[in-house]
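Structure first, then comments.
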Amino acid sequence: MNSAIKLGAYAAGLAVVFGGAAGIGKVVGPVGASAETASHGGGHGGSGSGGGHGGGGHGGDAGGAAAHAPGGLQVSEDGYTLVPRRTTLAPGKRSDFRFTINGPDGKPVTGFKPLHGKRLHLIVASRDLSGFQHLHPSEAGGGVWTVSITIPKSGVYRFFTDIQPDGATRQLTLGTDVFVQGDLRTAPLPKPERVAKVDGYEVTLSGGLTPGKSTELTLSVSKGGKPVTDLQPYLEAYGHLVALRQGDLAYLHVHPDGEPGDGETKPGPGITFSAEAPSSGAYRLYLDFKHDGKVRTAEFTVHAGDAQVPVQQTGGGGHDDTPHTH
C-alpha cells in the first residue's frame, strides 16, 4: 500500500541516506562519456564513438569516501557546485526553475563543453523513481540556467545535472533535492518486466545487470507488432539510457554502441548499451527514443544480483516525454 508522510519528516532522514551512500562503488559515467573518460573513472569503454561509460563518481574535494562516491549523490564535486535558486515547488503548477553551477571561485560558471549537442542536461526523478523527466534548460545570462517545469504530484525529487565546465578535467554529475509541497505518497517500484508500452510502442529489453561486471542491454522498439527500423537521431544518438538505483538514486547514464551516420549503426529496432551496475539491488531504467518527430520514454525495473527488494506492484511503463522540447 502507499504510505503518506509529511515532507519535513522525510527530509530529516535524507542526511542518513546520503551519509551511508557516500562510499558505495562506482557507476556508469554521465551523458557523453567516452572510452577515455571511462578509463579515467575505472569503467569500461563501449564500442563505437557514441558508446562508452566510466566511473561517474570519483574525485572531489573531500577525499576519502567522497573520492569514490557514485554520480549524482553529491551537490558539489571537484570544486563545482549545483546551486538552485529555489528548493520548493508547487505540485501541478508550471514553474520557472533556475540554478547556477558555481566554480571553485564561488562564481557561476559560464563556459561548458557540449555533451551530445547540449551544454547542460537536467534529469529529474522522484525518490520513488517515478516522474522521470529529461530536460534541457536555456541560459538566462550570467551563468544562470532556467527551465519551465511541471511536477504533477507532491514528493521529494532529485535534480541531476550532467556537465563538463571549461577547465574541468572530466564530466560531472551533480545532484540536489527539490521538494514539491504536500503530503509525500510513495509507491513500490514496479516489478521487473521485459516489455514496456508507451504511446502505442512496445520496447523489449534483453540482457540484464550484473554487479561489478559490464553487461549488454539491448532495447528493441516496435509498433503495431512491427519492428521500428527508422528511429530518428536524438541528441546525436538513437537512444539514451539512464538508470537510477533504488534507495539512494545513484545515477548511471550510458549511450548506445555506435552513432547515427557512422556507416554501421542501424536506426532500430535494437539499441544496444554496455552497462555496469555498481552493486546488487533494484534499478529503474529510462530509455529515451525518438520516432515520428517525438521523444518518448520507456521505463523498466531491473534487479542486479540477489538483493532482497521490497514487494512490488505490477507493471513496467513509459510515458510521452513532452518536457524534452526544452
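Following the order of the C-alpha cells, first chain is A, next is B, and so on, with residues numbered from 1 inside each chain and ligands from 1 in the order they appear.
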
When you look at Gly131 of chain A with a cut-off of 9 Å (counting only C-alpha atoms), what residues show up, excluding the ones that are within fewer than 2 positions of it in the same chain? I need them as a CSV table (one decimal) with all heavy atoms, in the first residue's frame.
chain,number,residue,atom,x,y,z
A,124,VAL,N,15.4,14.7,-13.9
A,124,VAL,CA,14.6,14.8,-12.7
A,124,VAL,C,13.9,13.5,-12.4
A,124,VAL,O,13.3,12.9,-13.4
A,124,VAL,CB,13.5,15.9,-12.9
A,124,VAL,CG1,12.6,16.0,-11.6
A,124,VAL,CG2,14.2,17.3,-13.1
A,125,ALA,N,13.8,13.0,-11.2
A,125,ALA,CA,13.1,11.8,-10.8
A,125,ALA,C,12.7,11.9,-9.4
A,125,ALA,O,13.5,12.5,-8.5
A,125,ALA,CB,13.9,10.6,-11.1
A,126,SER,N,11.6,11.3,-9.0
A,126,SER,CA,11.1,11.3,-7.6
A,126,SER,C,11.9,10.3,-6.9
A,126,SER,O,12.6,9.4,-7.4
A,126,SER,CB,9.6,10.9,-7.6
A,126,SER,OG,9.2,10.6,-6.3
A,128,ASP,N,10.8,7.9,-5.3
A,128,ASP,CA,10.3,6.5,-5.5
A,128,ASP,C,10.5,6.1,-7.0
A,128,ASP,O,10.0,5.1,-7.4
A,128,ASP,CB,8.8,6.4,-5.1
A,128,ASP,CG,7.9,7.2,-6.0
A,128,ASP,OD1,8.4,7.8,-7.0
A,128,ASP,OD2,6.7,7.3,-5.7
A,129,LEU,N,11.4,6.9,-7.7
A,129,LEU,CA,11.8,6.6,-9.1
A,129,LEU,C,10.7,6.8,-10.1
A,129,LEU,O,10.8,6.3,-11.2
A,129,LEU,CB,12.4,5.1,-9.2
A,129,LEU,CG,13.6,4.9,-8.3
A,129,LEU,CD1,14.1,3.5,-8.5
A,129,LEU,CD2,14.7,5.9,-8.7
A,133,GLN,N,11.9,13.0,-15.9
A,133,GLN,CA,12.0,14.0,-16.9
A,133,GLN,C,13.4,14.2,-17.3
A,133,GLN,O,14.3,14.3,-16.5
A,133,GLN,CB,11.3,15.3,-16.5
A,133,GLN,CG,9.9,15.2,-16.2
A,133,GLN,CD,9.3,16.6,-15.9
A,133,GLN,OE1,9.6,17.6,-16.6
A,133,GLN,NE2,8.4,16.7,-14.9
A,151,ILE,N,5.7,19.5,-12.2
A,151,ILE,CA,5.8,18.2,-11.5
A,151,ILE,C,4.4,17.9,-10.9
A,151,ILE,O,3.9,18.7,-10.1
A,151,ILE,CB,6.8,18.2,-10.4
A,151,ILE,CG1,8.2,18.5,-11.0
A,151,ILE,CG2,6.8,16.9,-9.6
A,151,ILE,CD1,9.3,18.5,-10.0
A,152,PRO,N,3.7,16.9,-11.4
A,152,PRO,CA,2.3,16.6,-11.1
A,152,PRO,C,2.0,16.4,-9.6
A,152,PRO,O,1.0,16.8,-9.1
A,152,PRO,CB,1.9,15.4,-11.9
A,152,PRO,CG,3.0,15.4,-13.0
A,152,PRO,CD,4.2,15.9,-12.4
A,153,LYS,N,2.8,15.6,-8.9
A,153,LYS,CA,2.5,15.2,-7.6
A,153,LYS,C,3.5,15.6,-6.5
A,153,LYS,O,4.7,15.9,-6.9
A,153,LYS,CB,2.3,13.7,-7.5
A,153,LYS,CG,3.5,12.9,-7.7
A,153,LYS,CD,3.2,11.4,-7.5
A,153,LYS,CE,4.5,10.6,-7.6
A,153,LYS,NZ,4.2,9.1,-7.4
A,157,TYR,N,12.2,15.2,-5.0
A,157,TYR,CA,12.7,14.9,-6.3
A,157,TYR,C,14.2,15.2,-6.3
A,157,TYR,O,14.7,16.1,-5.7
A,157,TYR,CB,12.0,15.7,-7.3
A,157,TYR,CG,10.5,15.3,-7.6
A,157,TYR,CD1,9.5,15.6,-6.7
A,157,TYR,CD2,10.2,14.5,-8.7
A,157,TYR,CE1,8.2,15.2,-6.8
A,157,TYR,CE2,8.9,14.1,-8.9
A,157,TYR,CZ,7.9,14.4,-7.9
A,157,TYR,OH,6.6,14.0,-8.1

Please, which residues of segment 42-237 of chain A, numbered as in this document, come out helix (DSSP H, G or I) from DSSP, as a list in words?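 So, restricting segment 42-237 of chain A to helix (DSSP H, G or I), we get Gly64, Ala65, Ala66, Ala67 and His68 of chain A.
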
Determine, counting only C-alpha atoms, which protein, DNA and RNA residues have an atom within 7 Å of an atom of segment 239-241 of chain A; residues of the same chain fewer than 6 positions away are not included. Present the result as an NGL selection string. :A and (253-256 or 271 or 285-289)

Output N, CA, C and O atoms for every residue in that selection, as an mmCIF file, in the first residue's frame.
data_model
loop_
_atom_site.group_PDB
_atom_site.id
_atom_site.type_symbol
_atom_site.label_atom_id
_atom_site.label_comp_id
_atom_site.auth_asym_id
_atom_site.auth_seq_id
_atom_site.Cartn_x
_atom_site.Cartn_y
_atom_site.Cartn_z
ATOM 1 N N HIS A 253 24.341 6.818 -16.478
ATOM 2 C CA HIS A 253 23.871 7.364 -17.756
ATOM 3 C C HIS A 253 24.800 6.846 -18.842
ATOM 4 O O HIS A 253 25.987 7.142 -18.833
ATOM 5 N N VAL A 254 24.272 6.064 -19.762
ATOM 6 C CA VAL A 254 25.095 5.472 -20.809
ATOM 7 C C VAL A 254 24.512 5.791 -22.179
ATOM 8 O O VAL A 254 23.374 6.235 -22.307
ATOM 9 N N HIS A 255 25.300 5.546 -23.196
ATOM 10 C CA HIS A 255 24.858 5.752 -24.567
ATOM 11 C C HIS A 255 25.109 4.483 -25.364
ATOM 12 O O HIS A 255 25.956 3.670 -25.003
ATOM 13 N N PRO A 256 24.398 4.306 -26.464
ATOM 14 C CA PRO A 256 24.491 3.047 -27.193
ATOM 15 C C PRO A 256 25.797 2.898 -27.949
ATOM 16 O O PRO A 256 26.492 3.869 -28.222
ATOM 17 N N ILE A 271 18.629 -1.183 -29.890
ATOM 18 C CA ILE A 271 19.624 -0.227 -29.428
ATOM 19 C C ILE A 271 20.381 -0.930 -28.299
ATOM 20 O O ILE A 271 19.788 -1.334 -27.301
ATOM 21 N N LEU A 285 15.295 1.746 -15.141
ATOM 22 C CA LEU A 285 15.889 2.162 -16.403
ATOM 23 C C LEU A 285 14.906 3.018 -17.184
ATOM 24 O O LEU A 285 13.717 2.713 -17.250
ATOM 25 N N TYR A 286 15.431 4.078 -17.810
ATOM 26 C CA TYR A 286 14.620 5.004 -18.605
ATOM 27 C C TYR A 286 15.274 5.146 -19.974
ATOM 28 O O TYR A 286 16.375 5.688 -20.098
ATOM 29 N N LEU A 287 14.602 4.672 -21.009
ATOM 30 C CA LEU A 287 15.108 4.776 -22.372
ATOM 31 C C LEU A 287 14.389 5.895 -23.110
ATOM 32 O O LEU A 287 13.175 5.854 -23.296
ATOM 33 N N ASP A 288 15.142 6.891 -23.572
ATOM 34 C CA ASP A 288 14.613 7.933 -24.451
ATOM 35 C C ASP A 288 14.867 7.522 -25.895
ATOM 36 O O ASP A 288 16.003 7.181 -26.264
ATOM 37 N N PHE A 289 13.825 7.548 -26.726
ATOM 38 C CA PHE A 289 13.997 7.300 -28.153
ATOM 39 C C PHE A 289 13.066 8.233 -28.923
ATOM 40 O O PHE A 289 12.036 8.669 -28.416
#

What's around segment 91-108 of chain A at 10 Å? Count only C-alpha atoms, leave out sequence neighbours fewer than 4 positions away in its own chain, and write the answer as a CSV table (one decimal) with C-alpha atoms, in the first residue's frame.
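Generated file (selection32.csv):
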chain,number,residue,atom,x,y,z
A,75,VAL,CA,25.8,18.5,-4.8
A,76,SER,CA,29.4,19.6,-5.0
A,77,GLU,CA,32.4,17.8,-6.7
A,78,ASP,CA,35.8,18.9,-7.9
A,79,GLY,CA,35.1,22.4,-6.7
A,80,TYR,CA,31.9,22.7,-8.8
A,81,THR,CA,28.5,23.1,-7.0
A,82,LEU,CA,24.9,22.9,-8.2
A,83,VAL,CA,23.1,25.9,-6.6
A,84,PRO,CA,19.3,26.1,-7.1
A,85,ARG,CA,17.6,29.4,-6.7
A,86,ARG,CA,14.7,27.6,-5.0
A,87,THR,CA,14.2,24.2,-3.5
A,137,PRO,CA,17.5,24.3,-19.7
A,138,SER,CA,18.3,27.5,-21.5
A,139,GLU,CA,20.8,30.2,-20.5
A,140,ALA,CA,19.4,33.4,-19.0
A,142,GLY,CA,25.4,35.5,-16.2
A,143,GLY,CA,25.7,31.7,-15.7
A,144,VAL,CA,22.1,31.3,-14.7
A,145,TRP,CA,20.2,28.4,-16.3
A,146,THR,CA,16.4,28.3,-16.5
A,147,VAL,CA,13.8,25.7,-17.4
A,148,SER,CA,10.0,25.6,-17.3
A,149,ILE,CA,8.9,22.5,-15.4
A,150,THR,CA,5.7,21.0,-14.1
A,151,ILE,CA,5.8,18.2,-11.5
A,152,PRO,CA,2.3,16.6,-11.1
A,153,LYS,CA,2.5,15.2,-7.6
A,154,SER,CA,4.0,16.1,-4.2
A,155,GLY,CA,7.2,14.5,-3.1
A,161,THR,CA,23.0,17.9,-13.9
A,163,ILE,CA,28.1,18.9,-17.2
A,165,PRO,CA,32.7,23.0,-17.2
A,168,ALA,CA,37.3,20.8,-15.6
A,174,LEU,CA,25.8,16.8,-9.6
A,179,PHE,CA,10.6,19.5,-2.5
A,180,VAL,CA,7.2,19.6,-4.1
A,181,GLN,CA,4.7,20.7,-1.5
A,182,GLY,CA,2.1,18.5,0.2

What gap, in Å, lies between atom CA of Ala282 of chain A and atom CA of Ala243 of chain A? 10.0 Å

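Backbone DSSP over segment 269-300 of chain A yields strand (DSSP E) at Gly270, Ile271, Thr272, Phe273, Ser274, Ala275, Glu276, Gly281, Ala282, Tyr283, Arg284, Leu285, Tyr286, Leu287, Asp288, Phe289, Lys290, His291, Lys294, Val295, Arg296, Thr297, Ala298, Glu299 and Phe300 of chain A.
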
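We find atom CA of Lys118 of chain A and atom CA of Thr301 of chain A to be spaced 27.7 Å apart.
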
Rounded to one decimal, what separation in Å do you get between atom CA of Ser222 of chain A and atom CA of Val198 of chain A? 10.6 Å

Identify, on the basis of only C-alpha atoms, every residue whose closest approach to Leu219 of chain A does not exceed 6 Å; exclude the query and any residue fewer than 2 positions from it along the same chain; express the result as a list in words.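 In the requested form, the answer reads Thr204, Leu205, Gly270 and Ile271 of chain A.
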